[in-house]
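Colleague: Here it is: the structure, laid out below.
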Amino acid sequence: MNLSGAIRAIISFLIFVVLHYTLRPLLGWRAPMDFLVLALLLASVRVRPATAAVIGFILGLVSDSLAPDALGAGAIAMTVVGFGASYLKAVFFADNLVLNAFFFFLGKWVFDIIYFVGEQRVHGVELVQQLLLWSPLSAAVTAAVGVLLLFLMRPLLEPSPA
Amino acid sequence: VARAIRSNNRLDLIVLTTCVVLALAARALPNTMRDPMATGMRRTFLAPLVLLQERAEKGRQSLLQADAKQSYLDSLSEGSMKAESLEGENDRLRKLIGLGSRLRWGFIPTEALHGRGVRDETTVILSAGSRAGVTRLSPVIAPEGLVGVVDQVDPTMSHAMLWTHPDFRVSAMSPDGSAFGIAQAHLTGATGGYLLELRGVPFRATLKPGSVIISSGWGGVWPRGIPVGTVLSEIKTTENWARTYLLRPAVNPADIYQVMILTRDRVGKGVDGVWESAAQVQAAAQRIVVSGDSAAKSAALAEAAARKAVLDSMARANAPATGATDSTRPVTTAPPPVRRPAPVDTTRRDTIRRDTATRDTTRRDTIPPPPPSSPRQPGVTR
């Protein structure tokens with residue numbers, strides 16, 4: 001990735017982070033989209049697994065700082081998701097929107113599973129309901145929004161010509 | 001190559017393990033350490049993001065509460081509209097109570113029920129009848145003055161002819177008794193229903209606009225002293241032996257809701273002093289305003305004179321220093337500076353000036369012009 005591509009990737013990353021703290025609370029849905037996971041996934045496929053893990057760790061701490069009781073849970077989840085996404089980028093690197101949507105869905109769902117298990121705030125039936133109902137819904141919404149944003153931000157996200 | 005790839009994979013795993021361990025350590029931190037760490041991050045590099053989220057949530061709350069706020073505003077608007085009418089009603093009732101306390105006896109408070117449109121208002125139904133002591137030709141009055149006269153009486157209600165009725169007449173005069181006439185509705189013109197005219201005023205008696213006209217007491221129906229209206233202007237008529245004046249009525253027929261009916265006994269005793277006291281209060285208030293205005297005027301004049309004196313002194317003192325010469329004037333030596341007495345009570349004048357800034361502006365024009373300058377004589381001081 002050359003310098004221009006890196007700058008465009010950073011700008012895209014920042015746009016997703018800003019959207020997470022503006023559009024998400026503005027909509028206030030019960031199954032919200034997660035722009036931080038989208039940002040992490042889009043960054044992870046462009047860097048090495050170690051770097052992706054570090055980005056995930058920092059991003060997780062950022063998200064956890066607004067929920068001090070869960071400090072660390074988001075960091076673990078983001079680290080694992082970032083590392084996994086970077087490790088599996090060969091599978092998902094195809095220019096296929098359906099594959100990308102599945103990639104986003106899977107990333108968000110895995111994040112939620114690790115996060116809610118690590119957070120240990122919900123237990124029993126409530127945890128099952130969260131992981132099998134609300135998390136997939138949220139992952140689906142995230143995937144849909146991610147695909148839409150990929151389509152809208154194609155000029156920013158496409159690799160620059162050599 | 002294989003070794004390099006293996007080395008990179010090992011590095012990735014080491015970094016991953018480190019990050020996971022650090023995250024687990026953060027998760028395992030006690031609350032006493034976790035909260036300061038999270039707070040520190042929120043207050044430093046995350047502050048802009050926190051601010052963004054806060055604003056977004058406020059925006060969402062505003063959107064959610066928009067309907068509720070709109071309905072609340074509608075309720076407030078409705079309440080304020082009601083409050084305005086209630087204030088007007090309270091004011092009318094207060095005046096009515098004031099009139100009642102001045103009359104003391106011999107009156108029947110009642111409500112006027114409007115039957116037709118406002119512009120066609122010539123009669124009203126009164127909610128008091130003969131059982132309450134109302135008789136035919138009883139005067140109907142309001143706190144502001146004359147309203148009409150009862151022309152039909154039922155046991156429980158009565159019918160009154162307002163001053164706007166074409167058949168209504170009342171003998172009226174100026175308070176000093178210099179001019180008498182007959183007041184009746186001014187029916188000519190589109191707005192004739194809301195004005196009165198005073199007919200048959202002797203030619204020698206002139207009334208100035210703004211003069212109050214009251215009932216004269218002649219005829220036995222109306223006691224003397226009830227305000228009828230105020231003079232607006234004289235009307236030119238073909239009658240050369242008498243004057244006719246246009247009056248602004250004391251009572252607007254559209255504002256008649258609560259009125260009083262005077263009993264025959266009260267008419268016989270008169271209503272002397274009932275409206276005079278109110279007029280006296282108004283006149284006293286006007287006198288206070290006028291005297292305050294005079295004081296301000298005199299203070300402003302004194303201040304202007306002092307200012308002029310100071311400017312004169314400064315001009316004389318600066319004339320030789322600037323070296324300016326006027327070729328049209330004779331060359332004279334500069335007079336020695338004159339020590340003038342200090343302005344008296346300048347702080348007080350400043351206070352007055354600040355309060356009367358507008359008056360000060362207008363009064364600068366009214367300052368008398370300075371006397372014509374005479375050629376200065378050497379050594380002569382003023």
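Labeling convention for the structure tokens: chains A, B, ... as they appear, residues from 1 per chain, ligands from 1 in order of appearance.
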Please identify every residue of chain B that has at least one atom no farther than 12 Å from an atom of chain A, counting only C-alpha atoms, and for each give the shortest atom pair and the distance in Å to one decimal, arranged by chain then increasing number, as a tab-separated table.

Modeller:
```
residue	atom	partner	partner_atom	distance
B:Ile5	CA	A:Arg48	CA	12.0
B:Asn8	CA	A:Ala50	CA	9.0
B:Asn9	CA	A:Pro49	CA	8.6
B:Arg10	CA	A:Ala50	CA	9.7
B:Leu11	CA	A:Ala50	CA	7.2
B:Asp12	CA	A:Ala50	CA	4.3
B:Leu13	CA	A:Ala50	CA	7.2
B:Ile14	CA	A:Ala50	CA	8.1
B:Val15	CA	A:Ala50	CA	5.5
B:Leu16	CA	A:Ala53	CA	5.7
B:Thr17	CA	A:Ala53	CA	9.2
B:Thr18	CA	A:Val54	CA	9.3
B:Cys19	CA	A:Phe57	CA	6.2
B:Val20	CA	A:Ile76	CA	5.6
B:Val21	CA	A:Ile76	CA	8.5
B:Leu22	CA	A:Gly72	CA	8.1
B:Ala23	CA	A:Gly72	CA	4.7
B:Leu24	CA	A:Gly72	CA	6.0
B:Ala25	CA	A:Gly72	CA	7.4
B:Ala26	CA	A:Gly72	CA	4.9
B:Arg27	CA	A:Gly72	CA	4.2
B:Ala28	CA	A:Gly72	CA	7.9
B:Leu29	CA	A:Leu71	CA	8.5
B:Pro30	CA	A:Asp69	CA	9.8
B:Asn31	CA	A:Asp69	CA	7.7
B:Thr32	CA	A:Pro68	CA	10.8
B:Met33	CA	A:Pro68	CA	10.2
B:Arg34	CA	A:Pro68	CA	6.6
B:Asp35	CA	A:Pro68	CA	5.9
B:Pro36	CA	A:Pro68	CA	9.1
B:Met37	CA	A:Ser65	CA	7.9
B:Ala38	CA	A:Ser65	CA	4.5
B:Thr39	CA	A:Ser65	CA	7.2
B:Gly40	CA	A:Ser65	CA	8.8
B:Met41	CA	A:Ser65	CA	6.6
B:Arg42	CA	A:Ser65	CA	6.5
B:Arg43	CA	A:Ser65	CA	10.1
B:Thr44	CA	A:Ser65	CA	11.3
B:Phe45	CA	A:Val62	CA	9.5
B:Leu46	CA	A:Val62	CA	7.4
B:Ala47	CA	A:Leu66	CA	10.7
B:Pro48	CA	A:Val18	CA	9.6
B:Leu49	CA	A:Tyr21	CA	6.3
B:Val50	CA	A:Tyr21	CA	7.5
B:Leu51	CA	A:Tyr21	CA	8.8
B:Leu52	CA	A:Thr22	CA	5.9
B:Gln53	CA	A:Tyr21	CA	4.7
B:Glu54	CA	A:Tyr21	CA	8.5
B:Arg55	CA	A:Thr22	CA	7.8
B:Ala56	CA	A:Leu26	CA	5.0
B:Glu57	CA	A:Pro25	CA	5.5
B:Lys58	CA	A:Leu26	CA	8.2
B:Gly59	CA	A:Leu26	CA	6.6
B:Arg60	CA	A:Leu26	CA	4.9
B:Gln61	CA	A:Leu26	CA	8.5
B:Ser62	CA	A:Leu26	CA	10.1
B:Leu63	CA	A:Leu26	CA	9.1
B:Leu64	CA	A:Leu26	CA	10.3
```

Colleague: Quick one: residues within 10 Å of range 97-112 of chain A, only C-alpha atoms, excluding same-chain residues fewer than 4 positions away - as an MDAnalysis selection string?

Modeller: chainID A and resid 33:38 40:42 73:82 84:85 88:89 91:93 116:118 130:132 134:148 150:151

Colleague: Do a neighbour search on range 174-184 of chain B at 10 Å with only C-alpha atoms, toss out local chain neighbours closer than 3 positions, and write the hits as a VMD selection string.

Modeller: chain B and resid 163 to 171 187 195 to 207 211 to 216 224 to 225 227 to 231 242 to 247 276

Colleague: Take CA of Leu76 in chain B and CA of Ala254 in chain B and report the distance between them in Å, one decimal.

Modeller: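 Pair CA of Leu76 in chain B / CA of Ala254 in chain B returns 27.3 Å.
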
Colleague: Any idea what's packed within 10 Å of Thr156 in chain B, counting only C-alpha atoms, ignoring anything in its chain fewer than 4 positions away? Could you give it as a list in words?

Modeller: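 Selected residues are Leu126, Ser127, Ala128, Gly129, Ser130, Arg131, Ala132 and Val134 of chain B.
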
Colleague: Within 7 Å of Val251 in chain B, counting only C-alpha atoms, which residues qualify if same-chain residues fewer than 4 places away don't, as a ChimeraX atom specification?

Modeller: /B:144-147

Colleague: Write out the residues from the selection above, keeping N, CA and C atoms, as a short mmCIF file (atom, residue, chain, number, x, y, z; two decimals), in the first residue's frame.

Modeller:
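Saved as selection29.cif:
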```
data_model
loop_
_atom_site.label_atom_id
_atom_site.label_comp_id
_atom_site.auth_asym_id
_atom_site.auth_seq_id
_atom_site.Cartn_x
_atom_site.Cartn_y
_atom_site.Cartn_z
N GLU B 144 -66.22 53.64 32.87
CA GLU B 144 -65.71 54.72 32.03
C GLU B 144 -66.71 55.85 31.86
N GLY B 145 -68.00 55.56 32.01
CA GLY B 145 -69.01 56.61 31.85
C GLY B 145 -70.35 56.08 31.40
N LEU B 146 -71.00 56.88 30.58
CA LEU B 146 -72.38 56.62 30.19
C LEU B 146 -72.48 55.48 29.18
N VAL B 147 -73.48 54.60 29.40
CA VAL B 147 -73.68 53.46 28.49
C VAL B 147 -74.99 53.59 27.75
#
```

Colleague: Run DSSP on the backbone and tell me which residues of range 84-287 of chain B come out as helix (DSSP H, G or I); list them as a JSON list (two decimals) with N, CA, C and O atoms, in the first residue's frame.

Modeller:
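So out.json came out as:
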```json
[["chain", "number", "residue", "atom", "x", "y", "z"],
["B", 84, "GLU", "N", -54.75, 36.52, 28.33],
["B", 84, "GLU", "CA", -54.94, 37.89, 27.86],
["B", 84, "GLU", "C", -56.39, 38.33, 28.05],
["B", 84, "GLU", "O", -56.67, 39.43, 28.54],
["B", 85, "SER", "N", -57.31, 37.46, 27.65],
["B", 85, "SER", "CA", -58.72, 37.82, 27.82],
["B", 85, "SER", "C", -59.08, 37.90, 29.30],
["B", 85, "SER", "O", -59.87, 38.76, 29.72],
["B", 86, "LEU", "N", -58.47, 37.01, 30.10],
["B", 86, "LEU", "CA", -58.75, 37.06, 31.55],
["B", 86, "LEU", "C", -58.21, 38.35, 32.17],
["B", 86, "LEU", "O", -58.85, 38.93, 33.05],
["B", 87, "GLU", "N", -57.05, 38.78, 31.69],
["B", 87, "GLU", "CA", -56.50, 40.04, 32.21],
["B", 87, "GLU", "C", -57.44, 41.20, 31.88],
["B", 87, "GLU", "O", -57.69, 42.07, 32.72],
["B", 88, "GLY", "N", -57.95, 41.20, 30.64],
["B", 88, "GLY", "CA", -58.89, 42.25, 30.25],
["B", 88, "GLY", "C", -60.15, 42.21, 31.11],
["B", 88, "GLY", "O", -60.65, 43.25, 31.56],
["B", 89, "GLU", "N", -60.63, 41.00, 31.34],
["B", 89, "GLU", "CA", -61.84, 40.87, 32.15],
["B", 89, "GLU", "C", -61.57, 41.31, 33.59],
["B", 89, "GLU", "O", -62.38, 42.00, 34.21],
["B", 90, "ASN", "N", -60.41, 40.92, 34.11],
["B", 90, "ASN", "CA", -60.04, 41.35, 35.46],
["B", 90, "ASN", "C", -59.97, 42.86, 35.56],
["B", 90, "ASN", "O", -60.41, 43.45, 36.55],
["B", 91, "ASP", "N", -59.41, 43.46, 34.54],
["B", 91, "ASP", "CA", -59.29, 44.92, 34.53],
["B", 91, "ASP", "C", -60.68, 45.57, 34.55],
["B", 91, "ASP", "O", -60.92, 46.51, 35.31],
["B", 92, "ARG", "N", -61.55, 45.03, 33.72],
["B", 92, "ARG", "CA", -62.92, 45.58, 33.69],
["B", 92, "ARG", "C", -63.60, 45.39, 35.03],
["B", 92, "ARG", "O", -64.25, 46.32, 35.55],
["B", 93, "LEU", "N", -63.45, 44.21, 35.61],
["B", 93, "LEU", "CA", -64.10, 43.95, 36.90],
["B", 93, "LEU", "C", -63.53, 44.83, 38.00],
["B", 93, "LEU", "O", -64.25, 45.31, 38.88],
["B", 94, "ARG", "N", -62.20, 45.03, 37.93],
["B", 94, "ARG", "CA", -61.57, 45.90, 38.93],
["B", 94, "ARG", "C", -62.14, 47.32, 38.85],
["B", 94, "ARG", "O", -62.43, 47.95, 39.86],
["B", 95, "LYS", "N", -62.28, 47.79, 37.61],
["B", 95, "LYS", "CA", -62.84, 49.13, 37.44],
["B", 95, "LYS", "C", -64.27, 49.18, 37.94],
["B", 95, "LYS", "O", -64.71, 50.16, 38.56],
["B", 96, "LEU", "N", -65.02, 48.11, 37.67],
["B", 96, "LEU", "CA", -66.41, 48.07, 38.11],
["B", 96, "LEU", "C", -66.49, 48.09, 39.64],
["B", 96, "LEU", "O", -67.33, 48.77, 40.24],
["B", 97, "ILE", "N", -65.59, 47.33, 40.26],
["B", 97, "ILE", "CA", -65.57, 47.33, 41.73],
["B", 97, "ILE", "C", -65.21, 48.71, 42.24],
["B", 97, "ILE", "O", -65.78, 49.20, 43.22],
["B", 98, "GLY", "N", -64.27, 49.36, 41.55],
["B", 98, "GLY", "CA", -63.90, 50.72, 41.96],
["B", 98, "GLY", "C", -65.07, 51.67, 41.85],
["B", 98, "GLY", "O", -65.31, 52.49, 42.75],
["B", 99, "LEU", "N", -65.83, 51.54, 40.76],
["B", 99, "LEU", "CA", -67.01, 52.40, 40.60],
["B", 99, "LEU", "C", -68.03, 52.10, 41.69],
["B", 99, "LEU", "O", -68.64, 53.02, 42.27],
["B", 100, "GLY", "N", -68.21, 50.82, 41.99],
["B", 100, "GLY", "CA", -69.16, 50.45, 43.04],
["B", 100, "GLY", "C", -68.76, 51.02, 44.38],
["B", 100, "GLY", "O", -69.62, 51.49, 45.15],
["B", 101, "SER", "N", -67.46, 50.97, 44.67],
["B", 101, "SER", "CA", -67.02, 51.51, 45.97],
["B", 101, "SER", "C", -67.19, 53.02, 46.03],
["B", 101, "SER", "O", -67.41, 53.58, 47.11],
["B", 102, "ARG", "N", -67.13, 53.69, 44.89],
["B", 102, "ARG", "CA", -67.33, 55.14, 44.90],
["B", 102, "ARG", "C", -68.81, 55.49, 44.97],
["B", 102, "ARG", "O", -69.20, 56.46, 45.62],
["B", 103, "LEU", "N", -69.63, 54.68, 44.30],
["B", 103, "LEU", "CA", -71.08, 54.95, 44.35],
["B", 103, "LEU", "C", -71.65, 54.61, 45.73],
["B", 103, "LEU", "O", -72.56, 55.28, 46.22],
["B", 130, "SER", "N", -87.01, 43.82, 37.04],
["B", 130, "SER", "CA", -87.76, 44.59, 38.04],
["B", 130, "SER", "C", -87.62, 43.98, 39.43],
["B", 130, "SER", "O", -87.71, 44.69, 40.44],
["B", 131, "ARG", "N", -87.42, 42.67, 39.52],
["B", 131, "ARG", "CA", -87.26, 42.06, 40.84],
["B", 131, "ARG", "C", -86.01, 42.58, 41.55],
["B", 131, "ARG", "O", -85.93, 42.60, 42.78],
["B", 132, "ALA", "N", -85.02, 42.98, 40.77],
["B", 132, "ALA", "CA", -83.80, 43.53, 41.36],
["B", 132, "ALA", "C", -83.92, 45.03, 41.59],
["B", 132, "ALA", "O", -82.97, 45.65, 42.09],
["B", 192, "GLY", "N", -69.86, 56.06, 12.03],
["B", 192, "GLY", "CA", -70.70, 56.92, 12.84],
["B", 192, "GLY", "C", -71.22, 56.26, 14.09],
["B", 192, "GLY", "O", -71.46, 56.91, 15.10],
["B", 193, "GLY", "N", -71.38, 54.94, 14.05],
["B", 193, "GLY", "CA", -71.92, 54.24, 15.21],
["B", 193, "GLY", "C", -71.03, 54.29, 16.42],
["B", 193, "GLY", "O", -71.48, 54.06, 17.53],
["B", 194, "TYR", "N", -69.74, 54.56, 16.26],
["B", 194, "TYR", "CA", -68.82, 54.58, 17.39],
["B", 194, "TYR", "C", -68.46, 55.98, 17.85],
["B", 194, "TYR", "O", -67.60, 56.15, 18.68],
["B", 253, "PRO", "N", -69.13, 50.52, 22.79],
["B", 253, "PRO", "CA", -70.19, 49.51, 22.95],
["B", 253, "PRO", "C", -69.67, 48.08, 22.85],
["B", 253, "PRO", "O", -70.26, 47.16, 23.41],
["B", 254, "ALA", "N", -68.56, 47.88, 22.15],
["B", 254, "ALA", "CA", -68.03, 46.51, 22.04],
["B", 254, "ALA", "C", -67.43, 46.03, 23.35],
["B", 254, "ALA", "O", -67.24, 44.83, 23.54],
["B", 255, "ASP", "N", -67.10, 46.96, 24.26],
["B", 255, "ASP", "CA", -66.46, 46.59, 25.52],
["B", 255, "ASP", "C", -67.44, 46.49, 26.68],
["B", 255, "ASP", "O", -67.02, 46.42, 27.84],
["B", 264, "ARG", "N", -83.62, 54.87, 40.96],
["B", 264, "ARG", "CA", -84.22, 56.21, 40.90],
["B", 264, "ARG", "C", -83.76, 57.06, 42.10],
["B", 264, "ARG", "O", -83.54, 58.27, 41.96],
["B", 265, "ASP", "N", -83.62, 56.41, 43.25],
["B", 265, "ASP", "CA", -83.17, 57.17, 44.43],
["B", 265, "ASP", "C", -81.78, 57.76, 44.20],
["B", 265, "ASP", "O", -81.49, 58.90, 44.56],
["B", 266, "ARG", "N", -80.94, 56.92, 43.60],
["B", 266, "ARG", "CA", -79.57, 57.37, 43.39],
["B", 266, "ARG", "C", -79.53, 58.50, 42.36],
["B", 266, "ARG", "O", -78.72, 59.44, 42.49],
["B", 267, "VAL", "N", -80.39, 58.39, 41.36],
["B", 267, "VAL", "CA", -80.45, 59.46, 40.36],
["B", 267, "VAL", "C", -80.85, 60.76, 41.04],
["B", 267, "VAL", "O", -80.31, 61.84, 40.77],
["B", 268, "GLY", "N", -81.80, 60.64, 41.97],
["B", 268, "GLY", "CA", -82.24, 61.84, 42.67],
["B", 268, "GLY", "C", -81.15, 62.45, 43.52],
["B", 268, "GLY", "O", -81.04, 63.68, 43.63],
["B", 269, "LYS", "N", -80.30, 61.60, 44.11],
["B", 269, "LYS", "CA", -79.24, 62.12, 44.98],
["B", 269, "LYS", "C", -78.03, 62.60, 44.18],
["B", 269, "LYS", "O", -77.19, 63.34, 44.70],
["B", 274, "VAL", "N", -68.19, 61.02, 42.08],
["B", 274, "VAL", "CA", -67.85, 59.64, 41.71],
["B", 274, "VAL", "C", -66.79, 59.61, 40.61],
["B", 274, "VAL", "O", -65.79, 58.91, 40.71],
["B", 275, "TRP", "N", -67.01, 60.38, 39.57],
["B", 275, "TRP", "CA", -66.03, 60.40, 38.48],
["B", 275, "TRP", "C", -64.99, 61.49, 38.68],
["B", 275, "TRP", "O", -63.93, 61.45, 38.09],
["B", 276, "GLU", "N", -65.32, 62.47, 39.50],
["B", 276, "GLU", "CA", -64.35, 63.55, 39.71],
["B", 276, "GLU", "C", -63.09, 63.03, 40.39],
["B", 276, "GLU", "O", -61.98, 63.42, 40.05],
["B", 277, "SER", "N", -63.28, 62.11, 41.36],
["B", 277, "SER", "CA", -62.11, 61.61, 42.07],
["B", 277, "SER", "C", -61.16, 60.89, 41.12],
["B", 277, "SER", "O", -59.95, 61.04, 41.20],
["B", 278, "ALA", "N", -61.76, 60.12, 40.21],
["B", 278, "ALA", "CA", -60.90, 59.44, 39.24],
["B", 278, "ALA", "C", -60.17, 60.44, 38.36],
["B", 278, "ALA", "O", -58.98, 60.30, 38.06],
["B", 279, "ALA", "N", -60.92, 61.48, 37.97],
["B", 279, "ALA", "CA", -60.30, 62.52, 37.13],
["B", 279, "ALA", "C", -59.21, 63.25, 37.91],
["B", 279, "ALA", "O", -58.17, 63.61, 37.35],
["B", 280, "GLN", "N", -59.45, 63.44, 39.22],
["B", 280, "GLN", "CA", -58.44, 64.13, 40.02],
["B", 280, "GLN", "C", -57.15, 63.31, 40.10],
["B", 280, "GLN", "O", -56.06, 63.85, 40.01],
["B", 281, "VAL", "N", -57.32, 62.01, 40.27],
["B", 281, "VAL", "CA", -56.13, 61.16, 40.33],
["B", 281, "VAL", "C", -55.35, 61.24, 39.02],
["B", 281, "VAL", "O", -54.13, 61.37, 39.00],
["B", 282, "GLN", "N", -56.10, 61.22, 37.93],
["B", 282, "GLN", "CA", -55.44, 61.28, 36.62],
["B", 282, "GLN", "C", -54.73, 62.62, 36.44],
["B", 282, "GLN", "O", -53.60, 62.69, 35.96],
["B", 283, "ALA", "N", -55.43, 63.70, 36.87],
["B", 283, "ALA", "CA", -54.83, 65.03, 36.74],
["B", 283, "ALA", "C", -53.58, 65.15, 37.62],
["B", 283, "ALA", "O", -52.58, 65.73, 37.20],
["B", 284, "ALA", "N", -53.64, 64.56, 38.82],
["B", 284, "ALA", "CA", -52.47, 64.63, 39.70],
["B", 284, "ALA", "C", -51.29, 63.89, 39.08],
["B", 284, "ALA", "O", -50.15, 64.36, 39.12],
["B", 285, "ALA", "N", -51.60, 62.75, 38.50],
["B", 285, "ALA", "CA", -50.52, 61.99, 37.83],
["B", 285, "ALA", "C", -49.91, 62.79, 36.70],
["B", 285, "ALA", "O", -48.69, 62.82, 36.53],
["B", 286, "GLN", "N", -50.77, 63.47, 35.95],
["B", 286, "GLN", "CA", -50.26, 64.29, 34.84],
["B", 286, "GLN", "C", -49.40, 65.44, 35.37],
["B", 286, "GLN", "O", -48.38, 65.79, 34.78],
["B", 287, "ARG", "N", -49.84, 66.01, 36.52],
["B", 287, "ARG", "CA", -49.06, 67.11, 37.09],
["B", 287, "ARG", "C", -47.66, 66.62, 37.50],
["B", 287, "ARG", "O", -46.66, 67.30, 37.31]]
```

Colleague: Write out as a list of chain:residue names the residues lying within 6 Å of Val140 in chain B, counting only C-alpha atoms and excluding same-chain residues fewer than 5 positions away.

Modeller: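 Within the cut-off, the hits are B:Val147, B:Gly148, B:Val149, B:Met260, B:Ile261.
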
Colleague: Take the residues just selected and output them with C-alpha atoms as a compact mmCIF listing (two decimals), in the first residue's frame.

Modeller:
```
# COMPACT_ATOMS: atom_id res chain seq x y z
CA VAL B 147 -73.68 53.46 28.49
CA GLY B 148 -77.41 53.87 27.85
CA VAL B 149 -80.82 53.77 29.40
CA MET B 260 -74.42 49.10 36.60
CA ILE B 261 -77.98 50.33 36.64
```

Colleague: If I take CA of Thr123 in chain B and CA of His159 in chain B, how far is one from the other in Å, to one decimal?

Modeller: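 Computing the Euclidean distance for CA of Thr123 in chain B and CA of His159 in chain B yields 7.2 Å.
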